[in-house]
Each structure stands twice: as C-alpha cells, then as structure tokens.
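Dumped target-v2.txt below, it's compact mmCIF, C-alpha atoms:
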```
# COMPACT_ATOMS: atom_id res chain seq x y z
CA MET A 110 2.05 68.26 -22.90
CA GLU A 111 -0.32 66.84 -25.50
CA ILE A 112 -0.28 63.35 -26.90
CA ALA A 113 -1.45 63.00 -30.49
CA GLU A 114 -4.07 60.51 -31.52
CA LEU A 115 -2.51 57.41 -33.08
CA LYS A 116 -4.27 55.45 -35.82
CA VAL A 117 -3.04 52.08 -37.04
CA THR A 118 -4.59 49.37 -39.19
CA PRO A 119 -3.05 45.94 -38.54
CA ASP A 120 -2.87 44.11 -41.86
CA ARG A 121 -4.08 40.58 -42.57
CA TYR A 122 -0.80 38.93 -41.50
CA LEU A 123 0.08 41.19 -38.58
CA THR A 124 -0.88 38.59 -35.99
CA VAL A 125 1.55 36.13 -37.58
CA ARG A 126 4.42 38.63 -37.47
CA TYR A 127 3.53 39.65 -33.91
CA ALA A 128 3.35 35.99 -32.83
CA GLY A 129 6.88 35.45 -34.15
CA ALA A 130 8.22 38.68 -32.67
CA SER A 131 6.64 38.18 -29.25
CA GLY A 132 6.75 34.40 -28.92
CA ASP A 133 2.97 34.12 -28.30
CA PHE A 134 1.77 31.48 -30.77
CA ASN A 135 -1.68 30.91 -29.26
CA PRO A 136 -3.65 29.63 -32.29
CA ILE A 137 -6.60 31.96 -31.62
CA HIS A 138 -4.35 34.68 -33.07
CA ILE A 139 -3.01 32.88 -36.13
CA ASP A 140 -5.38 30.08 -37.17
CA GLU A 141 -8.75 31.15 -38.57
CA ASP A 142 -10.29 27.66 -38.30
CA PHE A 143 -9.12 27.16 -34.72
CA ALA A 144 -10.41 30.59 -33.67
CA GLN A 145 -13.85 29.83 -35.09
CA MET A 146 -13.85 26.39 -33.50
CA VAL A 147 -13.52 27.96 -30.04
CA GLY A 148 -16.37 30.36 -30.74
CA LEU A 149 -14.53 33.48 -31.89
CA PRO A 150 -15.57 35.38 -35.02
CA GLY A 151 -12.11 34.68 -36.43
CA ARG A 152 -8.47 35.35 -35.56
CA ILE A 153 -8.15 38.08 -32.95
CA LEU A 154 -5.32 40.48 -32.19
CA HIS A 155 -2.97 39.83 -29.30
CA GLY A 156 -4.04 42.14 -26.47
CA LEU A 157 -0.39 42.95 -25.85
CA TYR A 158 -0.04 44.12 -29.49
CA THR A 159 -2.81 46.63 -28.87
CA MET A 160 -1.15 47.61 -25.58
CA ALA A 161 2.07 48.19 -27.57
CA GLN A 162 0.13 50.67 -29.76
CA VAL A 163 -0.96 52.54 -26.62
CA ALA A 164 2.69 52.53 -25.51
CA ARG A 165 3.85 53.77 -28.93
CA ALA A 166 1.44 56.73 -28.80
CA GLN A 167 3.18 57.76 -25.55
CA THR A 168 6.80 57.21 -26.62
CA GLU A 169 6.28 59.01 -29.95
CA ALA A 170 4.90 62.02 -28.09
CA GLY A 171 7.20 61.79 -25.10
CA GLY A 172 10.52 61.43 -26.83
CA GLY A 173 11.58 57.84 -27.24
CA PRO A 174 11.69 54.51 -25.44
CA GLY A 175 12.92 56.01 -22.16
CA SER A 176 9.96 58.34 -21.77
CA LEU A 177 7.36 55.75 -20.76
CA ARG A 178 7.63 55.06 -17.04
CA ARG A 179 4.46 53.09 -16.40
CA LEU A 180 1.53 51.70 -18.38
CA ALA A 181 -1.45 49.80 -16.99
CA VAL A 182 -4.34 48.62 -19.19
CA GLN A 183 -7.50 46.58 -19.02
CA PHE A 184 -8.39 44.45 -22.03
CA ARG A 185 -12.01 44.61 -23.12
CA GLY A 186 -13.60 42.96 -26.11
CA MET A 187 -11.39 41.72 -28.89
CA GLY A 188 -9.34 43.45 -31.54
CA VAL A 189 -9.32 42.08 -35.08
CA PRO A 190 -6.95 42.44 -38.06
CA GLU A 191 -7.79 44.67 -41.03
CA ALA A 192 -9.70 47.34 -39.10
CA GLU A 193 -8.37 50.68 -37.93
CA ILE A 194 -7.45 51.11 -34.25
CA THR A 195 -7.52 54.60 -32.73
CA ILE A 196 -5.52 55.39 -29.60
CA THR A 197 -6.74 58.46 -27.73
CA SER A 198 -4.61 59.89 -24.92
CA THR A 199 -5.70 62.62 -22.51
CA VAL A 200 -3.25 64.22 -20.10
CA ARG A 201 -5.04 64.28 -16.78
CA ASP A 202 -2.30 65.82 -14.67
CA GLU A 203 1.29 66.96 -14.97
CA ARG A 204 3.58 67.32 -11.98
CA ASP A 205 7.25 66.88 -11.10
CA GLY A 206 8.16 66.24 -14.73
CA ILE A 207 5.67 63.41 -15.21
CA ALA A 208 2.49 63.52 -17.31
CA TYR A 209 -0.32 61.28 -16.07
CA VAL A 210 -2.27 60.16 -19.10
CA ASP A 211 -5.61 58.37 -19.57
CA CYS A 212 -5.76 56.29 -22.75
CA VAL A 213 -8.33 54.32 -24.71
CA ALA A 214 -7.93 52.05 -27.75
CA GLU A 215 -11.02 51.80 -29.95
CA GLN A 216 -11.82 49.72 -32.99
CA ASN A 217 -15.10 49.55 -34.90
CA GLY A 218 -16.61 51.99 -32.39
CA ARG A 219 -15.84 49.84 -29.34
CA ALA A 220 -13.15 50.14 -26.69
CA ILE A 221 -10.73 47.20 -26.84
CA ILE A 222 -8.48 48.72 -24.18
CA ARG A 223 -9.97 51.02 -21.60
CA ASN A 224 -9.04 52.60 -18.28
CA ALA A 225 -5.44 52.69 -19.43
CA GLU A 226 -3.09 54.82 -17.36
CA ALA A 227 0.30 55.97 -18.59
CA GLU A 228 3.06 57.92 -16.89
CA VAL A 229 5.24 59.76 -19.37
CA VAL A 230 8.41 61.69 -18.60
CA VAL A 231 7.95 65.24 -19.88
CA GLY A 232 10.92 66.52 -21.88
CA ASP A 233 12.53 69.88 -21.11
CA MET B 101 -32.42 33.55 -8.06
CA ILE B 102 -29.72 31.42 -9.61
CA GLU B 103 -26.25 31.78 -8.16
CA SER B 104 -23.25 31.32 -10.39
CA PRO B 105 -21.45 28.13 -9.54
CA ALA B 106 -18.36 28.91 -7.52
CA MET B 107 -15.09 28.28 -9.28
CA PRO B 108 -12.82 26.48 -6.87
CA VAL B 109 -9.48 28.24 -6.76
CA ASN B 110 -6.42 27.20 -4.84
CA THR B 111 -5.26 30.20 -2.84
CA GLU B 112 -2.38 28.19 -1.39
CA ALA B 113 -0.32 29.05 -4.46
CA ILE B 114 -0.25 32.74 -3.45
CA GLY B 115 3.32 33.83 -2.84
CA LYS B 116 4.84 30.96 -4.78
CA SER B 117 7.87 31.89 -6.91
CA TYR B 118 9.35 30.13 -9.92
CA PRO B 119 12.96 29.64 -10.99
CA PRO B 120 14.25 32.75 -12.78
CA THR B 121 14.51 32.81 -16.56
CA VAL B 122 17.40 34.48 -18.36
CA TYR B 123 16.83 36.22 -21.69
CA ALA B 124 19.69 37.44 -23.90
CA VAL B 125 18.54 40.52 -25.80
CA GLY B 126 19.60 40.35 -29.46
CA ARG B 127 19.82 43.33 -31.82
CA GLU B 128 17.80 41.72 -34.59
CA LYS B 129 15.16 40.51 -32.12
CA VAL B 130 14.67 44.08 -30.91
CA ARG B 131 14.35 45.23 -34.54
CA GLU B 132 11.97 42.37 -35.43
CA TYR B 133 9.76 43.24 -32.45
CA ALA B 134 9.85 46.96 -33.33
CA HIS B 135 8.83 46.23 -36.92
CA ALA B 136 5.94 44.05 -35.73
CA ILE B 137 4.50 46.82 -33.53
CA GLY B 138 5.22 49.61 -36.04
CA ASP B 139 7.86 51.34 -33.92
CA THR B 140 10.07 53.54 -36.10
CA ASP B 141 12.25 55.14 -33.40
CA PRO B 142 15.83 55.38 -34.72
CA LEU B 143 17.16 54.45 -31.24
CA THR B 144 15.41 51.09 -31.68
CA LEU B 145 16.10 50.42 -35.36
CA ASP B 146 19.46 52.04 -36.07
CA VAL B 147 22.55 50.98 -34.14
CA GLU B 148 24.51 54.07 -35.25
CA ALA B 149 21.76 56.38 -34.00
CA ALA B 150 21.65 54.50 -30.70
CA ARG B 151 25.44 54.74 -30.27
CA ALA B 152 25.43 58.42 -31.18
CA ALA B 153 22.91 58.92 -28.37
CA GLY B 154 25.22 57.14 -25.93
CA TYR B 155 23.73 53.65 -25.83
CA ALA B 156 25.82 50.53 -26.36
CA ASP B 157 23.38 49.18 -28.97
CA VAL B 158 19.77 49.49 -30.12
CA VAL B 159 17.26 50.30 -27.36
CA ALA B 160 14.29 47.96 -26.84
CA PRO B 161 10.82 49.53 -26.99
CA PRO B 162 9.18 49.46 -23.53
CA MET B 163 6.70 46.73 -24.50
CA PHE B 164 9.64 44.43 -25.35
CA ALA B 165 9.11 43.57 -21.66
CA VAL B 166 6.66 41.00 -23.00
CA VAL B 167 9.45 39.18 -24.83
CA TYR B 168 11.83 38.80 -21.87
CA GLY B 169 9.08 38.62 -19.23
CA ALA B 170 6.57 36.13 -20.60
CA PRO B 171 8.79 33.02 -20.39
CA ALA B 172 8.95 33.52 -16.60
CA VAL B 173 5.16 33.77 -16.32
CA MET B 174 4.69 30.55 -18.33
CA ALA B 175 5.91 28.47 -15.39
CA GLY B 176 3.08 29.84 -13.29
CA LEU B 177 0.46 29.56 -16.00
CA PHE B 178 1.28 25.86 -16.43
CA ASP B 179 1.72 25.09 -12.72
CA PRO B 180 -0.82 22.38 -11.75
CA GLU B 181 -0.92 23.84 -8.23
CA VAL B 182 -2.24 27.09 -9.73
CA GLY B 183 -4.57 25.06 -11.91
CA ILE B 184 -5.49 27.42 -14.75
CA ASP B 185 -7.95 26.07 -17.34
CA PHE B 186 -6.50 27.50 -20.56
CA SER B 187 -9.60 26.93 -22.62
CA ARG B 188 -11.39 29.49 -20.44
CA MET B 189 -8.55 31.92 -19.82
CA VAL B 190 -8.55 35.52 -21.04
CA HIS B 191 -5.93 38.21 -20.48
CA GLY B 192 -7.77 40.72 -18.31
CA GLY B 193 -5.16 43.38 -17.75
CA GLN B 194 -1.49 44.19 -17.73
CA GLU B 195 0.77 46.65 -16.01
CA PHE B 196 4.43 47.43 -16.55
CA VAL B 197 6.61 49.83 -14.59
CA TRP B 198 9.93 50.45 -16.29
CA GLY B 199 13.33 51.19 -14.83
CA GLU B 200 16.66 51.21 -16.62
CA LEU B 201 16.45 50.92 -20.42
CA VAL B 202 17.09 47.55 -22.07
CA VAL B 203 19.59 47.50 -24.93
CA ALA B 204 20.76 44.73 -27.24
CA GLY B 205 23.49 42.73 -25.53
CA ASP B 206 21.79 42.84 -22.12
CA GLU B 207 20.95 39.68 -20.22
CA ILE B 208 17.65 40.02 -18.40
CA THR B 209 16.81 37.78 -15.46
CA THR B 210 13.11 37.57 -14.60
CA THR B 211 11.49 36.07 -11.54
CA ALA B 212 7.74 35.38 -11.49
CA THR B 213 5.58 35.16 -8.38
CA VAL B 214 1.93 34.29 -7.85
CA LYS B 215 0.66 37.58 -6.45
CA ASP B 216 -2.98 36.70 -5.98
CA VAL B 217 -5.58 34.04 -6.68
CA SER B 218 -9.24 34.77 -6.02
CA GLU B 219 -12.76 33.94 -7.08
CA ARG B 220 -15.44 36.50 -7.84
CA ALA B 221 -18.86 36.00 -9.40
CA GLY B 222 -17.93 32.52 -10.55
CA ASN B 223 -14.73 33.61 -12.27
CA GLY B 224 -11.16 32.87 -11.21
CA PHE B 225 -8.66 35.73 -11.04
CA PHE B 226 -4.95 34.89 -11.29
CA VAL B 227 -2.39 37.63 -10.83
CA PHE B 228 1.31 37.07 -11.52
CA GLU B 229 4.10 39.50 -10.82
CA THR B 230 7.43 39.60 -12.62
CA ARG B 231 10.59 41.40 -11.63
CA SER B 232 13.24 41.76 -14.32
CA VAL B 233 16.80 42.89 -13.70
CA ASN B 234 19.73 43.34 -16.08
CA GLN B 235 23.24 41.85 -15.83
CA HIS B 236 24.27 44.73 -13.53
CA GLY B 237 21.43 43.97 -11.13
CA ALA B 238 19.49 47.11 -12.11
CA GLU B 239 15.73 46.73 -12.24
CA VAL B 240 14.44 47.13 -15.79
CA CYS B 241 10.76 46.21 -15.40
CA LEU B 242 8.10 45.18 -12.92
CA GLY B 243 5.15 43.45 -14.53
CA THR B 244 1.68 42.58 -13.24
CA TRP B 245 -0.17 40.02 -15.37
CA ASN B 246 -3.91 39.62 -14.73
CA ASN B 247 -5.58 36.53 -16.13
CA ILE B 248 -9.24 35.67 -15.78
CA VAL B 249 -10.62 32.16 -16.05
CA ARG B 250 -14.31 32.32 -16.87
CA GLY B 251 -16.61 30.09 -14.87
CA ALA B 252 -18.55 27.28 -16.51
```

Mind turning the file's structure into structure tokens?
Amino acid sequence: MEIAELKVTPDRYLTVRYAGASGDFNPIHIDEDFAQMVGLPGRILHGLYTMAQVARAQTEAGGGPGSLRRLAVQFRGMGVPEAEITITSTVRDERDGIAYVDCVAEQNGRAIIRNAEAEVVVGD
Amino acid sequence: MIESPAMPVNTEAIGKSYPPTVYAVGREKVREYAHAIGDTDPLTLDVEAARAAGYADVVAPPMFAVVYGAPAVMAGLFDPEVGIDFSRMVHGGQEFVWGELVVAGDEITTTATVKDVSERAGNGFFVFETRSVNQHGAEVCLGTWNNIVRGA
C-alpha cells in the first residue's frame, strides 16, 4: 500500500471555521492581537486541525473513515494560516491487513507534526 | 551550572476520574466538522451515500473524536487539584485508537482520567486518557491527551 502526499493550504479564516466546528475557541487561534500579546507571531493553527490533515491523508488512501485504526502524533513548532502544509506518509510495515505508517506534517520547511504513527486497515 | 527551577506538580491527582460527558452526534455537526477539515468523503457528507453503504446516517471522520472527547478532558484541565497553568500550556501530543464507527444519531459517553502527572527538566507533563462508548456500550475511541506546561 502507498499513501499519497497530501497538500493543503488553510485559508485566512480557516482557524475561525475550525474553532466553530471543533469547539476550541482559544483566542491564540482566532484573535491576531491576542496571539501577538502572548508572544506568538500571530494566530496559529489548532494542532488538532493539522492532526486531522494527517488523518485525512490516511483515510483518503485507505478507503474511508473506517480505515484509520490508530493515530499518534507529537506537535512541534506552530502551524500558521495561509501557508501550504505537506503531509508525507511512509508505509513502514504491512502485516495482518494493517499498514503501519510513519507520517510528518511540514510547513515552511519545518515539521509541525513529527514522529506520527498511523495504523491503516488495508483494503482487499 | 544553573539548574532549571523545578515545577511543583501534584502527582496525587493521578488516577482521578471525572463525571462522564454525553455528546449527541448531529448530522449537520458532522458535516460542519468535515467541511472545516476539508474532508470530502461521501460517507461523511451525503446521507444517501452513507445509507446506501449500510450506515444509519452520515459517518463521522475519525478526528471528530476531538468534538465528543474534548468536553470530558476540560474537567481535568480546569481541576484545581491538577493545577494546570493555562498561560504556559502547550499541546504536546495526541493519540487516538478507534473502535466502532460513529454516525449521526449516536450518543457518545466519554470518561476522562488523569493518566499521569510528572515533572521533567522544569516542565510539567499532564496526560489525560479518555474512553468513549456509544449508546450500545461499544467502544468508539480511546484518547491520550498530552499537555506540557512550560516552566518559568
């Protein structure tokens, strides 16, 4: 099994839509002034949004929402809106109908999720 | 050599559980979440496609676990006995293990537990575990939520 690279560019208002959809209204994601006040360069992406992109790369390759059995990630650095994110997935092992996949999410040349491990059910 | 100041953490909270939260999964909420993350799977967006595939209603994307799981974790994050300083908290890592699929119309009950509290190199590490089951008692997701509170 191979898992295609996924590229996505969150638009300017993505963090607002994701806040509403997920229920996480932490102002560091939606309020530019607040984010700068606490020392960030500006509004940052929700880590769990980026994790959802890693998940989507697996379910699109694996065959739908039921194909992702496990996903574990470590958040590193910060993602920002209006810059392309690239999800790279490498199948490390495949046994008993499960693909064990190593994934990375990069933006602006830096990993924002690394050491991610996915387990994807391999279709017939 | 300067040692980082130790961050006092209260390990007595380890093992503590919080009252379960119940989340009713709505069709439009699933679709709203899918649109926000860019998920275009017909099973998630199109009720007819989901029914044709044998599901009662639209199927939640796996990461919808955040929507029904997070309210349970909040109790722990705000628990004074755990004592998290939010101004210094970052989300360090996350793990989900999925079981039965979640579809619109389900009622998901989630219980959160403090799995671990520790201090390392001046930083506090707070690990919460969630277990989510549907209205039939089937496990739909186990979550591990790792939060780091940076030392002063």

Exercise for the section: Excluding region 184-196 of chain B and residues on its chain fewer than 4 positions from it, collect all residues at most 6 Å away from it, counting all atoms listed in the file, and give them as a list in words. Expected result: Arg179, Leu180, Ala181, Val182, Gln183 and Phe184 of chain A; Leu242, Gly243, Thr244, Trp245, Asn246, Asn247, Ile248, Val249 and Arg250 of chain B

Exercise for the section: Would you give me, as a count of residues only, the residues of chain B that come within 7 Å of chain A, using all atoms listed in the file? Expected result: 20

Thr195 (chain A) environment, 6 Å, all atoms listed in the file, sequence neighbours closer than 3 positions dropped, as a PDB file with C-alpha atoms, in the frame of the given file:
```pdb
ATOM      1  CA  LEU A 115      -2.510  57.410 -33.080  1.00  0.00           C
ATOM      2  CA  LYS A 116      -4.270  55.450 -35.820  1.00  0.00           C
ATOM      3  CA  ALA A 214      -7.930  52.050 -27.750  1.00  0.00           C
ATOM      4  CA  GLU A 215     -11.020  51.800 -29.950  1.00  0.00           C
TER       5      GLU A 215
END
```

Practice task
Kindly provide, as number ranges by chain, the polymer residues lying within 10 Å of (-4.1, 33.1, -34.9), counting all atoms listed in the file and using the coordinates exactly as they appear in the file.
Solution key: A: 122-125, 128, 133-144, 151-155

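Interatomic distance, CA of Met146 (chain A) to CA of Arg121 (chain A): 19.5 Å.
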
Contact residues around Gly237 (chain B) with all atoms listed in the file at 12 Å, ignoring same-chain residues under 2 positions, as an mmCIF file with C-alpha atoms, in the frame of the given file:
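Final output, saved to selection38.cif:
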```cif
data_model
loop_
_atom_site.group_PDB
_atom_site.id
_atom_site.type_symbol
_atom_site.label_atom_id
_atom_site.label_comp_id
_atom_site.auth_asym_id
_atom_site.auth_seq_id
_atom_site.Cartn_x
_atom_site.Cartn_y
_atom_site.Cartn_z
ATOM 1 C CA GLY B 199 13.330 51.190 -14.830
ATOM 2 C CA GLU B 200 16.660 51.210 -16.620
ATOM 3 C CA ASP B 206 21.790 42.840 -22.120
ATOM 4 C CA GLU B 207 20.950 39.680 -20.220
ATOM 5 C CA ILE B 208 17.650 40.020 -18.400
ATOM 6 C CA THR B 209 16.810 37.780 -15.460
ATOM 7 C CA THR B 210 13.110 37.570 -14.600
ATOM 8 C CA ARG B 231 10.590 41.400 -11.630
ATOM 9 C CA SER B 232 13.240 41.760 -14.320
ATOM 10 C CA VAL B 233 16.800 42.890 -13.700
ATOM 11 C CA ASN B 234 19.730 43.340 -16.080
ATOM 12 C CA GLN B 235 23.240 41.850 -15.830
ATOM 13 C CA GLU B 239 15.730 46.730 -12.240
ATOM 14 C CA VAL B 240 14.440 47.130 -15.790
ATOM 15 C CA CYS B 241 10.760 46.210 -15.400
#
```

Practice task
Find the distance between CA of Ala170 (chain A) and CA of Glu148 (chain B) and write it in Å to one decimal.
Solution key: 22.3 Å

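Applying the 7 Å criterion to (-2.4, 25.5, -5.9) in file coordinates and using all atoms listed in the file, one obtains the residues B:Asn110, B:Thr111, B:Glu112, B:Ala113, B:Pro180, B:Glu181, B:Val182, B:Gly183.
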
Handout entry: Selection: 6 Å around Asp157 (chain B), all atoms listed in the file, excl. self and same-chain fewer than 6 positions, as a list in words
Key = Val147, Ala150, Val203 and Ala204 of chain B

Exercise for the section: Select, from B:Pro142, B:Gly176, B:Gly205, B:Gly224, the residue with the minimum atom-to-atom distance to Tyr118 (chain B), counting only C-alpha atoms. Expected result: B:Gly176

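The coordinates place CA of Ala172 (chain B) at 21.1 Å from CA of Arg127 (chain B).
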
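Remark: for Val217 (chain B), the closest of the candidate residues B:Gly251, B:Gly115, B:Pro171, B:Gly138 is B:Gly115 (distances computed over only C-alpha atoms).
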
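The shortest atom-to-atom distance to Val130 (chain B), with all atoms listed in the file taken into account, belongs to B:Ala160 out of B:Met107, B:Ala160, B:Ala149, B:Gly154.
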